[in-house]
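Enquirer: Structure file structure12.tsv (TSV, C-alpha atoms and all ligand atoms) is given on the next line.
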chain	number	residue	atom	x	y	z
A	1	MET	CA	-0.20	0.18	-19.74
A	2	MET	CA	0.02	2.44	-16.68
A	3	MET	CA	0.09	0.64	-13.33
A	4	ILE	CA	-0.14	1.43	-9.63
A	5	ASP	CA	1.39	-0.69	-6.89
A	6	PRO	CA	-0.93	0.14	-3.98
A	7	HIS	CA	1.11	-1.65	-1.30
A	8	VAL	CA	4.89	-1.52	-1.40
A	9	HIS	CA	7.48	-0.64	1.26
A	10	MET	CA	9.85	1.37	-0.91
A	11	THR	CA	11.89	2.49	2.11
A	12	SER	CA	13.38	-1.00	2.02
A	13	ARG	CA	14.09	-1.04	-1.72
A	14	THR	CA	16.91	0.17	-3.91
A	15	THR	CA	17.09	2.72	-6.69
A	16	ASP	CA	17.34	-0.24	-9.11
A	17	ASP	CA	13.83	-1.24	-8.02
A	18	TYR	CA	12.51	2.27	-8.64
A	19	GLN	CA	14.12	2.31	-12.08
A	20	ALA	CA	12.77	-1.12	-13.01
A	21	MET	CA	9.27	-0.27	-11.77
A	22	SER	CA	9.27	2.98	-13.72
A	23	ASP	CA	10.51	1.21	-16.88
A	24	ALA	CA	7.74	-1.40	-16.47
A	25	GLY	CA	4.99	1.22	-16.37
A	26	VAL	CA	4.40	1.83	-12.65
A	27	VAL	CA	3.32	5.46	-12.39
A	28	ALA	CA	2.41	5.55	-8.71
A	29	VAL	CA	3.02	3.61	-5.50
A	30	ILE	CA	1.32	3.60	-2.12
A	31	GLU	CA	3.55	2.85	0.84
A	32	PRO	CA	1.69	1.75	3.96
A	33	ALA	CA	3.33	2.57	7.26
A	34	PHE	CA	4.54	-0.70	8.76
A	35	TRP	CA	7.23	-1.94	11.11
A	36	LEU	CA	10.91	-1.95	10.20
A	37	GLY	CA	11.67	-5.66	10.46
A	38	GLN	CA	12.26	-5.22	14.18
A	39	PRO	CA	10.25	-3.40	16.84
A	40	ARG	CA	10.92	0.27	17.55
A	41	THR	CA	11.62	1.34	21.11
A	42	GLU	CA	10.84	5.07	20.96
A	43	ALA	CA	7.91	7.14	19.69
A	44	GLY	CA	10.45	9.41	18.01
A	45	SER	CA	11.40	6.57	15.68
A	46	PHE	CA	7.81	6.48	14.45
A	47	LYS	CA	7.79	10.24	14.03
A	48	ASP	CA	10.92	10.19	11.87
A	49	TYR	CA	9.63	7.20	9.90
A	50	PHE	CA	6.30	8.89	9.14
A	51	SER	CA	8.22	12.05	8.18
A	52	SER	CA	10.38	10.09	5.76
A	53	LEU	CA	7.28	8.55	4.13
A	54	ILE	CA	5.92	11.99	3.29
A	55	GLY	CA	9.35	13.51	2.69
A	56	TRP	CA	12.51	11.85	1.43
A	57	GLU	CA	10.86	8.69	0.11
A	58	ARG	CA	8.36	10.69	-1.93
A	59	PHE	CA	11.22	12.72	-3.36
A	60	ARG	CA	13.28	9.62	-4.11
A	61	ALA	CA	10.36	8.07	-6.06
A	62	SER	CA	9.84	11.28	-8.02
A	63	GLN	CA	13.42	11.13	-9.22
A	64	PHE	CA	12.50	7.97	-11.12
A	65	GLY	CA	9.22	9.33	-12.44
A	66	ILE	CA	7.03	7.57	-9.87
A	67	ARG	CA	4.47	9.43	-7.73
A	68	HIS	CA	4.67	8.22	-4.13
A	69	TYR	CA	1.79	8.19	-1.66
A	70	CYS	CA	1.47	6.60	1.74
A	71	THR	CA	-0.98	5.48	4.35
A	72	ILE	CA	-0.21	6.33	7.96
A	73	GLY	CA	-0.96	4.14	10.93
A	74	LEU	CA	0.24	2.01	13.81
A	75	ASN	CA	0.86	-1.53	12.55
A	76	SER	CA	-0.61	-4.49	14.38
A	77	LYS	CA	2.72	-6.02	15.45
A	78	GLU	CA	3.82	-2.91	17.33
A	79	ALA	CA	0.33	-2.30	18.72
A	80	ASN	CA	1.27	-4.98	21.23
A	81	ASN	CA	3.65	-2.59	23.00
A	82	ASP	CA	0.87	-0.76	24.80
A	83	ALA	CA	2.90	2.08	26.32
A	84	LEU	CA	4.56	2.94	23.01
A	85	ALA	CA	1.36	2.44	21.03
A	86	ALA	CA	-0.43	5.05	23.12
A	87	GLN	CA	2.30	7.57	22.25
A	88	VAL	CA	2.11	6.71	18.56
A	89	MET	CA	-1.64	7.33	18.59
A	90	GLU	CA	-0.88	10.91	19.66
A	91	LEU	CA	1.43	11.34	16.66
A	92	LEU	CA	-1.00	10.06	14.03
A	93	PRO	CA	-3.24	13.15	13.84
A	94	LEU	CA	-0.15	15.22	12.99
A	95	PHE	CA	0.40	13.17	9.84
A	96	VAL	CA	-2.90	11.84	8.51
A	97	LEU	CA	-3.92	15.08	6.82
A	98	LYS	CA	-0.57	15.77	5.16
A	99	GLU	CA	-0.33	15.98	1.38
A	100	GLY	CA	-0.09	12.58	-0.30
A	101	VAL	CA	-1.52	10.61	2.64
A	102	VAL	CA	-4.25	8.51	1.06
A	103	GLY	CA	-5.53	6.59	4.07
A	104	ILE	CA	-4.99	5.02	7.48
A	105	GLY	CA	-2.83	1.91	7.16
A	106	GLU	CA	-1.69	-0.68	7.30
A	107	ILE	CA	-3.72	-1.57	10.36
A	108	GLY	CA	-5.59	-4.63	11.58
A	109	TYR	CA	-4.69	-7.89	13.24
A	110	ASP	CA	-1.53	-9.93	13.39
A	111	ASP	CA	-1.94	-12.37	16.29
A	112	GLN	CA	-5.44	-11.02	17.06
A	113	THR	CA	-4.51	-9.94	20.60
A	114	PRO	CA	-6.61	-7.59	22.77
A	115	ALA	CA	-4.01	-4.83	22.27
A	116	GLU	CA	-4.22	-5.19	18.49
A	117	ASP	CA	-7.99	-5.00	18.73
A	118	LYS	CA	-7.83	-1.85	20.85
A	119	TYR	CA	-5.53	0.06	18.50
A	120	TYR	CA	-7.30	-1.18	15.38
A	121	ARG	CA	-10.57	0.22	16.68
A	122	LEU	CA	-9.02	3.53	17.74
A	123	GLN	CA	-7.57	3.95	14.25
A	124	LEU	CA	-10.87	3.10	12.57
A	125	GLU	CA	-12.35	5.98	14.55
A	126	LEU	CA	-9.51	8.21	13.34
A	127	ALA	CA	-10.25	7.21	9.73
A	128	LYS	CA	-13.93	7.92	10.23
A	129	GLU	CA	-13.24	11.30	11.79
A	130	HIS	CA	-11.16	12.38	8.78
A	131	ASN	CA	-13.18	10.49	6.15
A	132	LEU	CA	-10.09	8.59	5.00
A	133	PRO	CA	-9.80	5.15	3.38
A	134	VAL	CA	-8.54	2.29	5.55
A	135	GLN	CA	-5.89	-0.19	4.38
A	136	ILE	CA	-6.21	-3.43	6.31
A	137	HIS	CA	-3.41	-5.93	6.89
A	138	THR	CA	-5.08	-9.29	7.43
A	139	PRO	CA	-3.30	-11.90	9.56
A	140	HIS	CA	-1.30	-14.65	7.91
A	141	ARG	CA	-2.35	-17.10	10.64
A	142	ASP	CA	-6.09	-17.82	11.01
A	143	LYS	CA	-6.47	-15.88	7.77
A	144	LYS	CA	-10.14	-16.50	7.14
A	145	SER	CA	-11.46	-15.78	10.63
A	146	GLY	CA	-9.09	-12.80	10.98
A	147	THR	CA	-10.29	-11.34	7.70
A	148	ILE	CA	-13.94	-11.70	8.60
A	149	ARG	CA	-13.33	-10.23	12.03
A	150	SER	CA	-11.47	-7.26	10.48
A	151	MET	CA	-14.51	-6.45	8.34
A	152	GLU	CA	-17.06	-7.00	11.09
A	153	VAL	CA	-15.24	-4.56	13.35
A	154	CYS	CA	-15.28	-1.97	10.53
A	155	LEU	CA	-19.02	-2.36	10.20
A	156	GLU	CA	-19.42	-2.16	13.97
A	157	HIS	CA	-17.68	1.23	13.84
A	158	GLY	CA	-19.97	2.44	11.07
A	159	ILE	CA	-17.27	2.45	8.38
A	160	ASP	CA	-18.56	2.23	4.81
A	161	PRO	CA	-17.07	-0.89	3.13
A	162	SER	CA	-16.33	1.18	0.02
A	163	MET	CA	-13.76	3.05	2.15
A	164	VAL	CA	-11.89	-0.12	3.14
A	165	ILE	CA	-9.19	-2.00	1.22
A	166	VAL	CA	-8.77	-5.47	2.71
A	167	ASP	CA	-5.29	-6.75	1.87
A	168	HIS	CA	-3.47	-10.09	1.59
A	169	ASN	CA	-6.51	-11.99	0.36
A	170	ASN	CA	-6.48	-15.49	-1.09
A	171	GLU	CA	-8.96	-17.96	-2.58
A	172	GLU	CA	-10.44	-18.61	0.87
A	173	THR	CA	-11.26	-15.01	1.70
A	174	VAL	CA	-12.10	-13.28	-1.58
A	175	ARG	CA	-15.78	-14.22	-1.70
A	176	ASP	CA	-16.44	-12.99	1.85
A	177	VAL	CA	-14.72	-9.68	1.12
A	178	LEU	CA	-16.49	-9.00	-2.17
A	179	ASP	CA	-19.90	-10.08	-0.85
A	180	ARG	CA	-19.61	-7.57	1.99
A	181	GLY	CA	-18.81	-4.72	-0.41
A	182	PHE	CA	-15.16	-4.21	0.59
A	183	TRP	CA	-12.20	-3.84	-1.83
A	184	ALA	CA	-10.16	-7.04	-2.13
A	185	ALA	CA	-6.41	-6.58	-2.54
A	186	PHE	CA	-4.05	-9.46	-3.28
A	187	THR	CA	-0.37	-9.54	-2.49
A	188	ILE	CA	1.69	-11.53	-4.98
A	189	TYR	CA	4.31	-13.39	-2.96
A	190	PRO	CA	7.08	-15.01	-5.00
A	191	SER	CA	7.40	-18.80	-4.58
A	192	THR	CA	4.87	-19.01	-1.77
A	193	LYS	CA	1.24	-18.49	-0.81
A	194	MET	CA	-0.08	-16.29	-3.55
A	195	GLY	CA	1.79	-16.50	-6.86
A	196	ASN	CA	0.51	-14.69	-9.92
A	197	GLU	CA	-0.75	-17.82	-11.68
A	198	ARG	CA	-3.27	-18.19	-8.85
A	199	MET	CA	-4.12	-14.53	-9.32
A	200	VAL	CA	-4.98	-15.13	-12.95
A	201	GLU	CA	-7.44	-17.82	-11.89
A	202	ILE	CA	-9.02	-15.53	-9.30
A	203	VAL	CA	-9.61	-12.78	-11.88
A	204	LYS	CA	-11.01	-15.37	-14.30
A	205	GLN	CA	-13.43	-16.51	-11.62
A	206	TYR	CA	-14.38	-13.25	-9.90
A	207	GLY	CA	-13.79	-10.63	-12.60
A	208	SER	CA	-12.09	-7.30	-12.04
A	209	ASN	CA	-14.64	-5.51	-9.91
A	210	ARG	CA	-13.14	-4.22	-6.60
A	211	ILE	CA	-10.07	-6.46	-7.00
A	212	MET	CA	-6.48	-5.16	-7.06
A	213	VAL	CA	-2.97	-6.58	-6.86
A	214	ASN	CA	0.15	-5.37	-5.09
A	215	SER	CA	3.68	-6.53	-4.32
A	216	ALA	CA	3.92	-5.68	-0.60
A	217	ALA	CA	7.65	-5.74	-1.38
A	218	ASP	CA	9.71	-5.05	1.72
A	219	TRP	CA	12.91	-6.19	3.44
A	220	GLY	CA	12.01	-9.83	2.96
A	221	LYS	CA	12.01	-12.02	-0.11
A	222	SER	CA	9.61	-10.18	-2.37
A	223	ASP	CA	9.28	-8.83	-5.90
A	224	ALA	CA	8.91	-5.10	-6.55
A	225	LEU	CA	7.79	-5.95	-10.10
A	226	ALA	CA	4.90	-8.15	-8.97
A	227	VAL	CA	2.24	-5.83	-10.41
A	228	PRO	CA	3.72	-5.46	-13.93
A	229	LYS	CA	4.57	-9.18	-14.05
A	230	THR	CA	1.03	-10.11	-13.03
A	231	ALA	CA	-0.42	-7.70	-15.60
A	232	SER	CA	1.68	-9.34	-18.32
A	233	LEU	CA	0.70	-12.83	-17.23
A	234	MET	CA	-2.99	-11.94	-17.14
A	235	LEU	CA	-2.79	-10.61	-20.70
A	236	GLU	CA	-0.87	-13.72	-21.80
A	237	LYS	CA	-3.56	-15.93	-20.27
A	238	GLY	CA	-6.31	-14.18	-22.16
A	239	ILE	CA	-7.75	-11.81	-19.58
A	240	ALA	CA	-9.18	-8.74	-21.32
A	241	LYS	CA	-7.01	-5.65	-21.28
A	242	GLU	CA	-9.76	-3.62	-19.59
A	243	ASP	CA	-9.91	-6.12	-16.71
A	244	VAL	CA	-6.13	-6.01	-16.32
A	245	ARG	CA	-6.29	-2.23	-16.23
A	246	MET	CA	-8.94	-2.37	-13.48
A	247	VAL	CA	-6.95	-4.82	-11.35
A	248	CYS	CA	-3.53	-3.21	-11.83
A	249	TYR	CA	-4.48	0.45	-11.97
A	250	GLN	CA	-8.02	1.79	-11.85
A	251	ASN	CA	-9.32	0.09	-8.69
A	252	ALA	CA	-6.36	1.33	-6.66
A	253	LEU	CA	-6.97	4.82	-7.98
A	254	ASP	CA	-10.71	4.72	-7.28
A	255	SER	CA	-10.44	3.28	-3.77
A	256	PHE	CA	-7.57	5.38	-2.42
A	257	GLY	CA	-8.88	8.30	-4.51
A	258	LYS	CA	-11.64	8.64	-1.95
A	259	SER	CA	-9.03	10.45	0.15
A	260	GLY	CA	-9.03	13.28	-2.39
A	261	GLN	CA	-5.23	12.96	-2.38
A	262	ILE	CA	-4.51	10.87	-5.49
A	263	LYS	CA	-5.52	11.62	-9.08
A	264	GLU	CA	-4.23	10.96	-12.58
A	265	SER	CA	-3.14	14.55	-13.10
A	266	ASP	CA	-0.51	13.92	-10.37
A	267	TRP	CA	1.55	11.55	-12.53
A	268	ILE	CA	5.03	12.78	-13.18
A	269	THR	CA	5.74	13.95	-16.70
A	270	THR	CA	9.28	15.26	-16.32
A	271	ILE	CA	12.12	13.58	-14.47
A	272	ASP	CA	14.71	16.05	-13.24
A	273	GLN	CA	17.44	14.51	-11.14
A	274	ARG	CA	19.04	17.91	-10.59
A	275	GLU	CA	16.36	18.45	-7.94
A	276	ARG	CA	17.17	18.22	-4.25
A	277	PHE	CA	15.27	17.44	-1.07
A	278	SER	CA	16.44	19.53	1.91
A	279	GLY	CA	19.70	19.97	0.02
A	280	ASN	CA	20.14	16.25	-0.65
A	281	SER	CA	20.14	14.53	-4.02
A	282	ILE	CA	19.87	10.88	-5.10
A	283	LEU	CA	23.09	11.33	-7.06
A	284	ARG	CA	26.45	10.24	-5.74
A	285	GLY	CA	29.81	11.80	-6.63
A	286	GLY	CA	30.12	12.68	-10.29
A	287	GLN	CA	26.93	10.99	-11.55
A	288	THR	CA	25.12	12.70	-14.40
A	289	PRO	CA	21.51	13.64	-13.62
A	290	THR	CA	18.78	12.31	-15.89
A	291	VAL	CA	16.56	15.09	-17.18
A	292	GLU	CA	13.80	13.90	-19.50
A	293	GLU	CA	10.20	14.19	-20.49
A	294	LYS	CA	8.48	11.08	-19.24
A	295	GLY	CA	5.13	11.57	-20.90
A	296	ASN	CA	1.84	10.47	-19.40
A	297	VAL	CA	1.17	7.44	-21.48
A	298	ILE	CA	3.35	4.36	-21.28
A	299	GLN	CA	2.54	1.74	-23.87
B	1	ZN	ZN	2.90	-4.27	4.11
Output the file's structure in the form of structure tokens.
Expert:
Amino acid sequence: MMMIDPHVHMTSRTTDDYQAMSDAGVVAVIEPAFWLGQPRTEAGSFKDYFSSLIGWERFRASQFGIRHYCTIGLNSKEANNDALAAQVMELLPLFVLKEGVVGIGEIGYDDQTPAEDKYYRLQLELAKEHNLPVQIHTPHRDKKSGTIRSMEVCLEHGIDPSMVIVDHNNEETVRDVLDRGFWAAFTIYPSTKMGNERMVEIVKQYGSNRIMVNSAADWGKSDALAVPKTASLMLEKGIAKEDVRMVCYQNALDSFGKSGQIKESDWITTIDQRERFSGNSILRGGQTPTVEEKGNVIQ
């Protein structure tokens, strides 16, 4: 089964993760722009980070047969540095229309401060202007009220719910998100809030319509194989293959596909590790490049 992980911070992951994801059937990933585990102090750091998301990281993924996309935005944590945030807003238009950018993200609320609200709204306007999907990070504290507020502000700005992927849902928020017509994404966190056994129950209860799973794997304790593992568990627990395909593949493709930047014909069929990006390769001294036909269909 082909899978997409529509929220994963590959910048923080190793080549072993890419290899394991590729072996498990992940054909594409979407990397939302986020913070780096600590706040940046210069706008130039954002510029180089955004450049790496559409440059080196995309190349690195391709070397393992995975197509890499990203969403570009100012994250809610760093929106609280008002002076820097204003400079980042000026950078965003330079990146949002680049090849492989499938939306504005991840944006939204963290502590639900006035500064977060200001930059969330400005970026919703940017998404509307360019007709791009929005990938929303919902707060981990005051989850339910923060999630509802995130959606209400979208509606206030005239954003069509079918253009918005609301992330980090749980049992308390899913009904509100689906009822309002938004996409409901679930992050599978190992040994905490949202394990994949709970995800199985959610799909059993709510079906596969407008629901998707992701790993949100980053620098913290997380699992880059969360999507394939959840797909396997869902099949084991008797969820129909078509529903698993919707939740682990098709819904991510359909929602972010509204950008016009992601389609099945993009999937990589030949891995050629002799390739270079700006003269740089993923190979280190003396390693033999893999060159192989990957094929489109992974069983
Ligand atoms: Zn994230």
Enquirer: Return the single residue from A:Ser208, A:Thr41, A:Gln135, A:Ser12 that is closest to Gly73 of chain A, with distances computed using only C-alpha atoms.
Expert: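 Between A:Ser208, A:Thr41, A:Gln135, A:Ser12, the residue approaching Gly73 of chain A most closely is A:Gln135.
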Enquirer: What residues of the protein or nucleic acid chains come within 7 Å of ligand ZN 1 (chain B) when you use all atoms listed in the file? Reply as a ChimeraX atom specification.
Expert: /A:7-9,32,34,106,216
Enquirer: Calculated over all atoms listed in the file, which of the candidates A:Asp5, A:Glu116, A:Glu129, A:Asp111 has the smallest distance to Ile188 of chain A?
Expert: A:Asp5
Enquirer: By how many Å are atom CA of Pro6 of chain A and atom CA of Asn209 of chain A apart?
Expert: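 A separation of 16.0 Å between them.
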Enquirer: Choose the residue, out of A:Arg180, A:His157, A:Arg141, A:Lys237, that has the smallest atom-to-atom separation from Lys204 of chain A; count only C-alpha atoms.
Expert: A:Lys237
Enquirer: Measure the distance from atom CA of Gln250 of chain A to atom CA of Ile107 of chain A in Å and round it to one decimal.
Expert: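 Interatomic distance here is 22.9 Å.
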Enquirer: Record the distance separating atom CA of Met199 of chain A and atom CA of Ser76 of chain A, expressed in Å with one decimal.
Expert: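 We find that atom CA of Met199 of chain A and atom CA of Ser76 of chain A lie 26.0 Å from each other.
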Enquirer: Show me, as a ChimeraX atom specification, the residues that have an atom within 9 Å of Thr230 of chain A when counting only C-alpha atoms, minus same-chain residues fewer than 3 positions from it.
Expert: /A:188,195-197,199-200,213,225-227,233-235,244,248
Enquirer: Using only C-alpha atoms, which of the listed residues (A:Glu152, A:Arg58, A:Leu253, A:Asp179) sits closest to Ser265 of chain A?
Expert: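 Selected residue with least distance to Ser265 of chain A: A:Leu253.
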Enquirer: Looking at A:Arg198, A:Lys294, A:Arg210, A:His130, which one is nearest to Phe64 of chain A, with distances taken over only C-alpha atoms?
Expert: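 Closest residue, counting only C-alpha atoms: A:Lys294.
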Enquirer: Please determine, counting only C-alpha atoms, which residue among A:Pro133, A:Gly100, A:Pro93, A:Gly65 has the shortest atom-to-atom distance to Lys263 of chain A.
Expert: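 For Lys263 of chain A, the nearest of the candidates is A:Gly100.
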Enquirer: I'd like the neighbourhood of segment 181-186 of chain A as number ranges by chain, where a residue qualifies if any of its atoms comes within 10 Å (using all atoms listed in the file), though same-chain residues fewer than 3 positions away should be ignored.
Expert: A: 6-7, 135-137, 151, 160-171, 173-178, 189, 194-196, 199, 202, 209-216, 247, 251-252, 255
Enquirer: Take the residues just selected and output them with C-alpha atoms as a compact mmCIF listing (two decimals), keeping the file's coordinate frame.
Expert:
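Saved file selection-v3.txt follows:
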# COMPACT_ATOMS: atom_id res chain seq x y z
CA PRO A 6 -0.93 0.14 -3.98
CA HIS A 7 1.11 -1.65 -1.30
CA GLN A 135 -5.89 -0.19 4.38
CA ILE A 136 -6.21 -3.43 6.31
CA HIS A 137 -3.41 -5.93 6.89
CA MET A 151 -14.51 -6.45 8.34
CA ASP A 160 -18.56 2.23 4.81
CA PRO A 161 -17.07 -0.89 3.13
CA SER A 162 -16.33 1.18 0.02
CA MET A 163 -13.76 3.05 2.15
CA VAL A 164 -11.89 -0.12 3.14
CA ILE A 165 -9.19 -2.00 1.22
CA VAL A 166 -8.77 -5.47 2.71
CA ASP A 167 -5.29 -6.75 1.87
CA HIS A 168 -3.47 -10.09 1.59
CA ASN A 169 -6.51 -11.99 0.36
CA ASN A 170 -6.48 -15.49 -1.09
CA GLU A 171 -8.96 -17.96 -2.58
CA THR A 173 -11.26 -15.01 1.70
CA VAL A 174 -12.10 -13.28 -1.58
CA ARG A 175 -15.78 -14.22 -1.70
CA ASP A 176 -16.44 -12.99 1.85
CA VAL A 177 -14.72 -9.68 1.12
CA LEU A 178 -16.49 -9.00 -2.17
CA TYR A 189 4.31 -13.39 -2.96
CA MET A 194 -0.08 -16.29 -3.55
CA GLY A 195 1.79 -16.50 -6.86
CA ASN A 196 0.51 -14.69 -9.92
CA MET A 199 -4.12 -14.53 -9.32
CA ILE A 202 -9.02 -15.53 -9.30
CA ASN A 209 -14.64 -5.51 -9.91
CA ARG A 210 -13.14 -4.22 -6.60
CA ILE A 211 -10.07 -6.46 -7.00
CA MET A 212 -6.48 -5.16 -7.06
CA VAL A 213 -2.97 -6.58 -6.86
CA ASN A 214 0.15 -5.37 -5.09
CA SER A 215 3.68 -6.53 -4.32
CA ALA A 216 3.92 -5.68 -0.60
CA VAL A 247 -6.95 -4.82 -11.35
CA ASN A 251 -9.32 0.09 -8.69
CA ALA A 252 -6.36 1.33 -6.66
CA SER A 255 -10.44 3.28 -3.77
Enquirer: For a quick check of your reading of the model, name the residues lying within 10 Å of the coordinate (-1.5, 5.3, 20.9), counting all atoms listed in the file, and write them as a PyMOL selection string.
Expert: chain A and resi 43+74+79+81-92+118-119+122-123
